[in-house]
>>> print(open('input_11.cif').read())   # mmCIF, N, CA, C and O atoms
data_structure
#
loop_
_atom_site.label_atom_id
_atom_site.label_comp_id
_atom_site.auth_asym_id
_atom_site.auth_seq_id
_atom_site.Cartn_x
_atom_site.Cartn_y
_atom_site.Cartn_z
N MET A 1245 0.84 -1.18 0.00
CA MET A 1245 0.00 0.00 0.00
C MET A 1245 0.88 1.25 0.00
O MET A 1245 1.86 1.33 0.74
N ALA A 1246 0.55 2.22 -0.79
CA ALA A 1246 1.36 3.43 -0.91
C ALA A 1246 1.23 4.31 0.32
O ALA A 1246 0.17 4.38 0.94
N GLU A 1247 2.30 5.00 0.64
CA GLU A 1247 2.32 5.96 1.74
C GLU A 1247 1.41 7.13 1.39
O GLU A 1247 1.36 7.59 0.26
N GLN A 1248 0.67 7.63 2.36
CA GLN A 1248 -0.21 8.78 2.15
C GLN A 1248 0.62 10.03 1.89
O GLN A 1248 1.63 10.26 2.56
N LEU A 1249 0.21 10.84 0.94
CA LEU A 1249 0.90 12.10 0.66
C LEU A 1249 0.72 13.05 1.83
O LEU A 1249 -0.32 13.08 2.48
N ARG A 1250 1.75 13.83 2.09
CA ARG A 1250 1.71 14.82 3.16
C ARG A 1250 2.07 16.18 2.59
O ARG A 1250 2.87 16.27 1.68
N TYR A 1251 1.49 17.21 3.15
CA TYR A 1251 1.81 18.56 2.73
C TYR A 1251 2.88 19.12 3.66
O TYR A 1251 2.80 18.99 4.88
N PHE A 1252 3.89 19.73 3.07
CA PHE A 1252 4.94 20.39 3.84
C PHE A 1252 4.62 21.88 3.92
O PHE A 1252 4.27 22.51 2.93
N LEU A 1253 4.75 22.42 5.11
CA LEU A 1253 4.49 23.83 5.35
C LEU A 1253 5.80 24.51 5.69
O LEU A 1253 6.52 24.06 6.59
N ARG A 1254 6.11 25.59 4.99
CA ARG A 1254 7.32 26.35 5.28
C ARG A 1254 7.01 27.36 6.39
O ARG A 1254 5.86 27.61 6.75
N LEU A 1255 8.05 27.95 6.94
CA LEU A 1255 7.92 28.81 8.12
C LEU A 1255 6.88 29.93 7.96
O LEU A 1255 6.09 30.14 8.89
N PRO A 1256 6.83 30.67 6.86
CA PRO A 1256 5.81 31.73 6.78
C PRO A 1256 4.38 31.21 6.96
O PRO A 1256 3.55 31.84 7.61
N LYS A 1257 4.09 30.04 6.42
CA LYS A 1257 2.76 29.45 6.56
C LYS A 1257 2.53 28.99 8.01
O LYS A 1257 1.44 29.14 8.55
N VAL A 1258 3.57 28.42 8.63
CA VAL A 1258 3.46 27.98 10.03
C VAL A 1258 3.22 29.18 10.94
O VAL A 1258 2.39 29.12 11.86
N ILE A 1259 3.89 30.29 10.66
CA ILE A 1259 3.67 31.51 11.44
C ILE A 1259 2.22 31.96 11.28
O ILE A 1259 1.55 32.29 12.27
N ALA A 1260 1.71 31.94 10.06
CA ALA A 1260 0.32 32.36 9.81
C ALA A 1260 -0.67 31.42 10.50
O ALA A 1260 -1.66 31.88 11.08
N LEU A 1261 -0.44 30.12 10.43
CA LEU A 1261 -1.36 29.15 11.01
C LEU A 1261 -1.33 29.13 12.54
O LEU A 1261 -2.34 28.85 13.18
N SER A 1262 -0.16 29.41 13.10
CA SER A 1262 -0.04 29.36 14.56
C SER A 1262 -0.35 30.69 15.22
O SER A 1262 -0.68 30.74 16.41
N GLY A 1263 -0.22 31.78 14.46
CA GLY A 1263 -0.40 33.10 15.06
C GLY A 1263 0.75 33.49 15.97
O GLY A 1263 0.62 34.38 16.81
N ARG A 1264 1.87 32.83 15.82
CA ARG A 1264 3.04 33.06 16.67
C ARG A 1264 4.21 33.56 15.83
O ARG A 1264 4.26 33.36 14.63
N SER A 1265 5.18 34.16 16.48
CA SER A 1265 6.36 34.67 15.79
C SER A 1265 7.39 33.57 15.57
O SER A 1265 7.34 32.50 16.20
N ARG A 1266 8.34 33.85 14.69
CA ARG A 1266 9.43 32.91 14.42
C ARG A 1266 10.18 32.58 15.71
O ARG A 1266 10.46 31.41 16.00
N SER A 1267 10.50 33.60 16.50
CA SER A 1267 11.27 33.37 17.73
C SER A 1267 10.46 32.53 18.72
O SER A 1267 11.02 31.65 19.39
N TRP A 1268 9.15 32.77 18.84
CA TRP A 1268 8.33 31.97 19.74
C TRP A 1268 8.32 30.52 19.28
O TRP A 1268 8.44 29.61 20.11
N ILE A 1269 8.17 30.29 17.98
CA ILE A 1269 8.12 28.93 17.45
C ILE A 1269 9.40 28.17 17.79
O ILE A 1269 9.34 27.05 18.33
N TYR A 1270 10.56 28.77 17.53
CA TYR A 1270 11.81 28.05 17.79
C TYR A 1270 12.08 27.87 19.29
O TYR A 1270 12.63 26.85 19.70
N GLU A 1271 11.65 28.81 20.11
CA GLU A 1271 11.78 28.63 21.56
C GLU A 1271 10.85 27.52 22.04
O GLU A 1271 11.22 26.69 22.87
N ALA A 1272 9.63 27.46 21.51
CA ALA A 1272 8.68 26.41 21.89
C ALA A 1272 9.17 25.04 21.42
O ALA A 1272 8.96 24.03 22.11
N ILE A 1273 9.83 24.98 20.28
CA ILE A 1273 10.43 23.71 19.82
C ILE A 1273 11.49 23.27 20.82
O ILE A 1273 11.54 22.10 21.21
N ARG A 1274 12.33 24.22 21.24
CA ARG A 1274 13.38 23.90 22.21
C ARG A 1274 12.80 23.36 23.51
O ARG A 1274 13.34 22.43 24.12
N ARG A 1275 11.64 23.90 23.93
CA ARG A 1275 10.98 23.45 25.17
C ARG A 1275 10.14 22.20 24.97
O ARG A 1275 9.59 21.67 25.93
N GLY A 1276 10.00 21.73 23.73
CA GLY A 1276 9.19 20.55 23.45
C GLY A 1276 7.70 20.84 23.40
O GLY A 1276 6.89 19.93 23.53
N GLU A 1277 7.32 22.10 23.18
CA GLU A 1277 5.92 22.51 23.18
C GLU A 1277 5.37 22.74 21.78
O GLU A 1277 4.20 23.09 21.64
N PHE A 1278 6.20 22.60 20.77
CA PHE A 1278 5.78 22.82 19.38
C PHE A 1278 6.50 21.78 18.53
O PHE A 1278 7.64 21.43 18.83
N PRO A 1279 5.85 21.28 17.49
CA PRO A 1279 6.50 20.25 16.68
C PRO A 1279 7.77 20.76 15.99
O PRO A 1279 7.81 21.90 15.52
N ALA A 1280 8.76 19.93 15.98
CA ALA A 1280 10.02 20.26 15.31
C ALA A 1280 9.86 20.10 13.80
O ALA A 1280 9.11 19.24 13.34
N PRO A 1281 10.58 20.91 13.04
CA PRO A 1281 10.52 20.76 11.59
C PRO A 1281 11.32 19.56 11.14
O PRO A 1281 12.11 18.99 11.91
N ILE A 1282 11.11 19.18 9.90
CA ILE A 1282 11.91 18.12 9.30
C ILE A 1282 12.76 18.74 8.20
O ILE A 1282 12.39 19.76 7.62
N SER A 1283 13.89 18.15 7.93
CA SER A 1283 14.77 18.63 6.87
C SER A 1283 14.21 18.18 5.52
O SER A 1283 13.89 17.00 5.33
N ILE A 1284 14.10 19.13 4.59
CA ILE A 1284 13.64 18.77 3.25
C ILE A 1284 14.71 19.11 2.20
O ILE A 1284 14.46 19.01 1.01
N GLY A 1285 15.87 19.50 2.66
CA GLY A 1285 16.97 19.82 1.77
C GLY A 1285 18.17 20.25 2.58
O GLY A 1285 18.13 20.29 3.81
N ALA A 1286 19.24 20.59 1.90
CA ALA A 1286 20.48 20.95 2.57
C ALA A 1286 20.30 22.13 3.53
O ALA A 1286 20.86 22.15 4.62
N ARG A 1287 19.49 23.12 3.13
CA ARG A 1287 19.28 24.29 3.98
C ARG A 1287 17.80 24.63 4.10
O ARG A 1287 17.44 25.79 4.24
N SER A 1288 16.95 23.61 4.04
CA SER A 1288 15.51 23.84 4.07
C SER A 1288 14.84 22.93 5.09
O SER A 1288 15.15 21.74 5.16
N VAL A 1289 13.92 23.52 5.84
CA VAL A 1289 13.10 22.73 6.75
C VAL A 1289 11.64 23.06 6.51
O VAL A 1289 11.31 24.11 5.95
N ALA A 1290 10.79 22.16 6.95
CA ALA A 1290 9.34 22.35 6.83
C ALA A 1290 8.66 21.54 7.92
O ALA A 1290 9.28 20.68 8.55
N TRP A 1291 7.40 21.83 8.11
CA TRP A 1291 6.58 21.09 9.06
C TRP A 1291 5.53 20.33 8.27
O TRP A 1291 5.08 20.81 7.22
N THR A 1292 5.10 19.19 8.77
CA THR A 1292 4.01 18.50 8.10
C THR A 1292 2.71 19.17 8.53
O THR A 1292 2.57 19.65 9.66
N GLU A 1293 1.77 19.20 7.60
CA GLU A 1293 0.46 19.77 7.89
C GLU A 1293 -0.17 19.06 9.09
O GLU A 1293 -0.79 19.69 9.95
N GLN A 1294 0.03 17.76 9.17
CA GLN A 1294 -0.53 16.97 10.26
C GLN A 1294 0.04 17.38 11.61
O GLN A 1294 -0.70 17.48 12.59
N SER A 1295 1.35 17.63 11.69
CA SER A 1295 1.94 17.99 12.99
C SER A 1295 1.41 19.33 13.48
O SER A 1295 1.17 19.51 14.68
N ILE A 1296 1.17 20.27 12.56
CA ILE A 1296 0.62 21.57 12.95
C ILE A 1296 -0.85 21.42 13.35
O ILE A 1296 -1.30 22.01 14.34
N ALA A 1297 -1.60 20.60 12.61
CA ALA A 1297 -3.01 20.37 12.95
C ALA A 1297 -3.13 19.73 14.34
O ALA A 1297 -4.02 20.09 15.12
N GLU A 1298 -2.24 18.80 14.66
CA GLU A 1298 -2.27 18.16 15.98
C GLU A 1298 -1.93 19.17 17.08
O GLU A 1298 -2.54 19.15 18.15
N TRP A 1299 -0.97 20.05 16.82
CA TRP A 1299 -0.63 21.09 17.79
C TRP A 1299 -1.82 22.01 18.01
O TRP A 1299 -2.15 22.35 19.15
N GLN A 1300 -2.49 22.41 16.93
CA GLN A 1300 -3.68 23.25 17.05
C GLN A 1300 -4.75 22.57 17.90
O GLN A 1300 -5.37 23.20 18.76
N ALA A 1301 -4.98 21.28 17.65
CA ALA A 1301 -5.99 20.54 18.40
C ALA A 1301 -5.65 20.50 19.89
O ALA A 1301 -6.53 20.65 20.75
N ARG A 1302 -4.36 20.32 20.22
CA ARG A 1302 -3.95 20.32 21.63
C ARG A 1302 -4.18 21.69 22.27
O ARG A 1302 -4.62 21.78 23.42
N CYS A 1303 -3.89 22.77 21.52
CA CYS A 1303 -4.12 24.12 22.04
C CYS A 1303 -5.60 24.33 22.34
O CYS A 1303 -5.95 24.88 23.39
N ILE A 1304 -6.45 23.91 21.44
CA ILE A 1304 -7.90 24.05 21.63
C ILE A 1304 -8.34 23.25 22.85
O ILE A 1304 -9.10 23.75 23.69
N GLU A 1305 -7.87 22.02 22.96
CA GLU A 1305 -8.24 21.17 24.09
C GLU A 1305 -7.79 21.78 25.41
O GLU A 1305 -8.55 21.83 26.37
N GLN A 1306 -6.56 22.26 25.47
CA GLN A 1306 -6.06 22.88 26.70
C GLN A 1306 -6.84 24.13 27.05
O GLN A 1306 -7.14 24.38 28.22
N SER A 1307 -7.18 24.93 26.05
CA SER A 1307 -7.95 26.14 26.28
C SER A 1307 -9.32 25.82 26.86
O SER A 1307 -9.80 26.48 27.78
N ARG A 1308 -9.95 24.81 26.32
CA ARG A 1308 -11.27 24.42 26.81
C ARG A 1308 -11.22 23.88 28.23
O ARG A 1308 -12.13 24.12 29.02
N LYS A 1309 -10.16 23.17 28.55
CA LYS A 1309 -10.00 22.66 29.92
C LYS A 1309 -9.82 23.81 30.90
O LYS A 1309 -10.35 23.78 32.01
N MET A 1310 -9.08 24.83 30.48
CA MET A 1310 -8.81 25.97 31.36
C MET A 1310 -10.06 26.82 31.57
O MET A 1310 -10.28 27.32 32.66
N THR A 1311 -10.87 26.97 30.53
CA THR A 1311 -12.05 27.83 30.64
C THR A 1311 -13.30 27.04 31.00
O THR A 1311 -14.32 27.63 31.34
N GLY A 1312 -13.23 25.72 30.86
CA GLY A 1312 -14.38 24.89 31.16
C GLY A 1312 -15.47 24.97 30.11
O GLY A 1312 -16.56 24.44 30.29
N GLY A 1313 -15.18 25.59 29.00
CA GLY A 1313 -16.17 25.77 27.94
C GLY A 1313 -15.96 24.85 26.78
O GLY A 1313 -15.01 24.07 26.73
N THR A 1314 -16.88 24.95 25.81
CA THR A 1314 -16.79 24.13 24.61
C THR A 1314 -16.92 25.02 23.37
O THR A 1314 -17.49 24.61 22.37
N GLN A 1315 -16.40 26.23 23.44
CA GLN A 1315 -16.49 27.13 22.30
C GLN A 1315 -15.58 26.66 21.18
O GLN A 1315 -14.58 26.00 21.39
N SER A 1316 -15.94 27.02 19.95
CA SER A 1316 -15.14 26.67 18.77
C SER A 1316 -13.98 27.61 18.63
O SER A 1316 -14.03 28.74 18.93
#
>>> encode(input="input_11.cif", output="structure tokens")
Amino acid sequence: MAEQLRYFLRLPKVIALSGRSRSWIYEAIRRGEFPAPISIGARSVAWTEQSIAEWQARCIEQSRKMTGGTQS
């Protein structure tokens, strides 16, 4: 069975999707709070769409636990 295709997201898109700055992203990676990028070339990194979607889902879940609500 063939491997499922994945979308690679470069840093500008990750910044837009996360609403966070470049420095926050790399600091959060260092702390283990944000997914690490993968190497896609000699001087290129990217994130998988899935890893960012999972991070977003965790943020939503944590926010709901803190507020006790179920808002979207």
>>> select_by_dssp(input="input_11.cif", residues="chain A", states="strand (DSSP E)", output="list in words")
Phe1252, Leu1253, Ile1282, Ser1283, Ile1284, Gly1285, Ser1288, Val1289, Ala1290, Trp1291 and Thr1292 of chain A
>>> select_by_dssp(input="input_11.cif", residues="chain A", states="alpha helix (DSSP H)", output="ChimeraX atom specification")
/A:1255-1262,1266-1275,1293-1311
>>> atom_distance(input="input_11.cif", atom1="atom N of Gly1276 of chain A", atom2="atom C of Leu1249 of chain A")
25.3 Å
>>> residues_around(input="input_11.cif", residues="Leu1253 of chain A", least_positions_apart="4", cutoff="8 Å", atoms="all atoms listed in the file", output="JSON, numbers by chain")
{"A": [1257, 1258, 1259, 1281, 1282, 1289, 1290, 1291, 1292, 1293, 1294]}
>>> axis_aligned_box(input="input_11.cif", around="segment 1270-1275 of chain A", padding_each_side="6 Å", output="AutoDock Vina command-line options")
--center_x 11.0 --center_y 25.2 --center_z 21.7 --size_x 16.7 --size_y 19.1 --size_z 20.4
>>> atom_distance(input="input_11.cif", atom1="atom CA of Ser1283 of chain A", atom2="atom O of Ile1269 of chain A")
15.2 Å
>>> atom_distance(input="input_11.cif", atom1="atom CA of Trp1299 of chain A", atom2="atom CA of Pro1279 of chain A")
7.3 Å
>>> build_atoms(input="input_11.cif", residues="segment 1258-1269 of chain A", atoms="all heavy atoms", output="PDB file, in the frame of the given file")
ATOM      1  N   VAL A1258       3.570  28.420   8.630  1.00  0.00           N
ATOM      2  CA  VAL A1258       3.460  27.980  10.030  1.00  0.00           C
ATOM      3  C   VAL A1258       3.220  29.180  10.940  1.00  0.00           C
ATOM      4  O   VAL A1258       2.390  29.120  11.860  1.00  0.00           O
ATOM      5  CB  VAL A1258       4.716  27.178  10.451  1.00  0.00           C
ATOM      6  CG1 VAL A1258       4.709  26.877  11.944  1.00  0.00           C
ATOM      7  CG2 VAL A1258       4.805  25.887   9.648  1.00  0.00           C
ATOM      8  N   ILE A1259       3.890  30.290  10.660  1.00  0.00           N
ATOM      9  CA  ILE A1259       3.670  31.510  11.440  1.00  0.00           C
ATOM     10  C   ILE A1259       2.220  31.960  11.280  1.00  0.00           C
ATOM     11  O   ILE A1259       1.550  32.290  12.270  1.00  0.00           O
ATOM     12  CB  ILE A1259       4.651  32.614  10.991  1.00  0.00           C
ATOM     13  CG1 ILE A1259       6.070  32.263  11.453  1.00  0.00           C
ATOM     14  CG2 ILE A1259       4.229  33.972  11.525  1.00  0.00           C
ATOM     15  CD1 ILE A1259       7.159  33.159  10.867  1.00  0.00           C
ATOM     16  N   ALA A1260       1.710  31.940  10.060  1.00  0.00           N
ATOM     17  CA  ALA A1260       0.320  32.360   9.810  1.00  0.00           C
ATOM     18  C   ALA A1260      -0.670  31.420  10.500  1.00  0.00           C
ATOM     19  O   ALA A1260      -1.660  31.880  11.080  1.00  0.00           O
ATOM     20  CB  ALA A1260       0.056  32.416   8.312  1.00  0.00           C
ATOM     21  N   LEU A1261      -0.440  30.120  10.430  1.00  0.00           N
ATOM     22  CA  LEU A1261      -1.360  29.150  11.010  1.00  0.00           C
ATOM     23  C   LEU A1261      -1.330  29.130  12.540  1.00  0.00           C
ATOM     24  O   LEU A1261      -2.340  28.850  13.180  1.00  0.00           O
ATOM     25  CB  LEU A1261      -1.072  27.752  10.472  1.00  0.00           C
ATOM     26  CG  LEU A1261      -1.393  27.521   8.998  1.00  0.00           C
ATOM     27  CD1 LEU A1261      -0.844  26.190   8.530  1.00  0.00           C
ATOM     28  CD2 LEU A1261      -2.900  27.596   8.774  1.00  0.00           C
ATOM     29  N   SER A1262      -0.160  29.410  13.100  1.00  0.00           N
ATOM     30  CA  SER A1262      -0.040  29.360  14.560  1.00  0.00           C
ATOM     31  C   SER A1262      -0.350  30.690  15.220  1.00  0.00           C
ATOM     32  O   SER A1262      -0.680  30.740  16.410  1.00  0.00           O
ATOM     33  CB  SER A1262       1.387  28.923  14.946  1.00  0.00           C
ATOM     34  OG  SER A1262       2.326  29.932  14.590  1.00  0.00           O
ATOM     35  N   GLY A1263      -0.220  31.780  14.460  1.00  0.00           N
ATOM     36  CA  GLY A1263      -0.400  33.100  15.060  1.00  0.00           C
ATOM     37  C   GLY A1263       0.750  33.490  15.970  1.00  0.00           C
ATOM     38  O   GLY A1263       0.620  34.380  16.810  1.00  0.00           O
ATOM     39  N   ARG A1264       1.870  32.830  15.820  1.00  0.00           N
ATOM     40  CA  ARG A1264       3.040  33.060  16.670  1.00  0.00           C
ATOM     41  C   ARG A1264       4.210  33.560  15.830  1.00  0.00           C
ATOM     42  O   ARG A1264       4.260  33.360  14.630  1.00  0.00           O
ATOM     43  CB  ARG A1264       3.460  31.770  17.394  1.00  0.00           C
ATOM     44  CG  ARG A1264       2.398  31.170  18.269  1.00  0.00           C
ATOM     45  CD  ARG A1264       2.034  32.127  19.384  1.00  0.00           C
ATOM     46  NE  ARG A1264       1.116  31.470  20.308  1.00  0.00           N
ATOM     47  CZ  ARG A1264       1.167  31.653  21.602  1.00  0.00           C
ATOM     48  NH1 ARG A1264       2.032  32.466  22.136  1.00  0.00           N
ATOM     49  NH2 ARG A1264       0.299  31.044  22.370  1.00  0.00           N
ATOM     50  N   SER A1265       5.180  34.160  16.480  1.00  0.00           N
ATOM     51  CA  SER A1265       6.360  34.670  15.790  1.00  0.00           C
ATOM     52  C   SER A1265       7.390  33.570  15.570  1.00  0.00           C
ATOM     53  O   SER A1265       7.340  32.500  16.200  1.00  0.00           O
ATOM     54  CB  SER A1265       7.005  35.790  16.611  1.00  0.00           C
ATOM     55  OG  SER A1265       7.569  35.256  17.807  1.00  0.00           O
ATOM     56  N   ARG A1266       8.340  33.850  14.690  1.00  0.00           N
ATOM     57  CA  ARG A1266       9.430  32.910  14.420  1.00  0.00           C
ATOM     58  C   ARG A1266      10.180  32.580  15.710  1.00  0.00           C
ATOM     59  O   ARG A1266      10.460  31.410  16.000  1.00  0.00           O
ATOM     60  CB  ARG A1266      10.385  33.514  13.391  1.00  0.00           C
ATOM     61  CG  ARG A1266      11.581  32.666  13.083  1.00  0.00           C
ATOM     62  CD  ARG A1266      12.569  33.447  12.194  1.00  0.00           C
ATOM     63  NE  ARG A1266      13.663  32.620  11.772  1.00  0.00           N
ATOM     64  CZ  ARG A1266      14.716  32.316  12.527  1.00  0.00           C
ATOM     65  NH1 ARG A1266      14.804  32.772  13.759  1.00  0.00           N
ATOM     66  NH2 ARG A1266      15.674  31.550  12.055  1.00  0.00           N
ATOM     67  N   SER A1267      10.500  33.600  16.500  1.00  0.00           N
ATOM     68  CA  SER A1267      11.270  33.370  17.730  1.00  0.00           C
ATOM     69  C   SER A1267      10.460  32.530  18.720  1.00  0.00           C
ATOM     70  O   SER A1267      11.020  31.650  19.390  1.00  0.00           O
ATOM     71  CB  SER A1267      11.725  34.680  18.355  1.00  0.00           C
ATOM     72  OG  SER A1267      10.622  35.500  18.669  1.00  0.00           O
ATOM     73  N   TRP A1268       9.150  32.770  18.840  1.00  0.00           N
ATOM     74  CA  TRP A1268       8.330  31.970  19.740  1.00  0.00           C
ATOM     75  C   TRP A1268       8.320  30.520  19.280  1.00  0.00           C
ATOM     76  O   TRP A1268       8.440  29.610  20.110  1.00  0.00           O
ATOM     77  CB  TRP A1268       6.883  32.498  19.798  1.00  0.00           C
ATOM     78  CG  TRP A1268       6.060  31.727  20.793  1.00  0.00           C
ATOM     79  CD1 TRP A1268       5.860  32.046  22.093  1.00  0.00           C
ATOM     80  CD2 TRP A1268       5.367  30.493  20.569  1.00  0.00           C
ATOM     81  NE1 TRP A1268       5.075  31.085  22.700  1.00  0.00           N
ATOM     82  CE2 TRP A1268       4.763  30.116  21.782  1.00  0.00           C
ATOM     83  CE3 TRP A1268       5.204  29.664  19.468  1.00  0.00           C
ATOM     84  CZ2 TRP A1268       4.010  28.952  21.914  1.00  0.00           C
ATOM     85  CZ3 TRP A1268       4.456  28.512  19.609  1.00  0.00           C
ATOM     86  CH2 TRP A1268       3.865  28.165  20.819  1.00  0.00           C
ATOM     87  N   ILE A1269       8.170  30.290  17.980  1.00  0.00           N
ATOM     88  CA  ILE A1269       8.120  28.930  17.450  1.00  0.00           C
ATOM     89  C   ILE A1269       9.400  28.170  17.790  1.00  0.00           C
ATOM     90  O   ILE A1269       9.340  27.050  18.330  1.00  0.00           O
ATOM     91  CB  ILE A1269       7.874  28.948  15.923  1.00  0.00           C
ATOM     92  CG1 ILE A1269       6.428  29.386  15.638  1.00  0.00           C
ATOM     93  CG2 ILE A1269       8.179  27.585  15.289  1.00  0.00           C
ATOM     94  CD1 ILE A1269       6.136  29.694  14.181  1.00  0.00           C
TER      95      ILE A1269
END
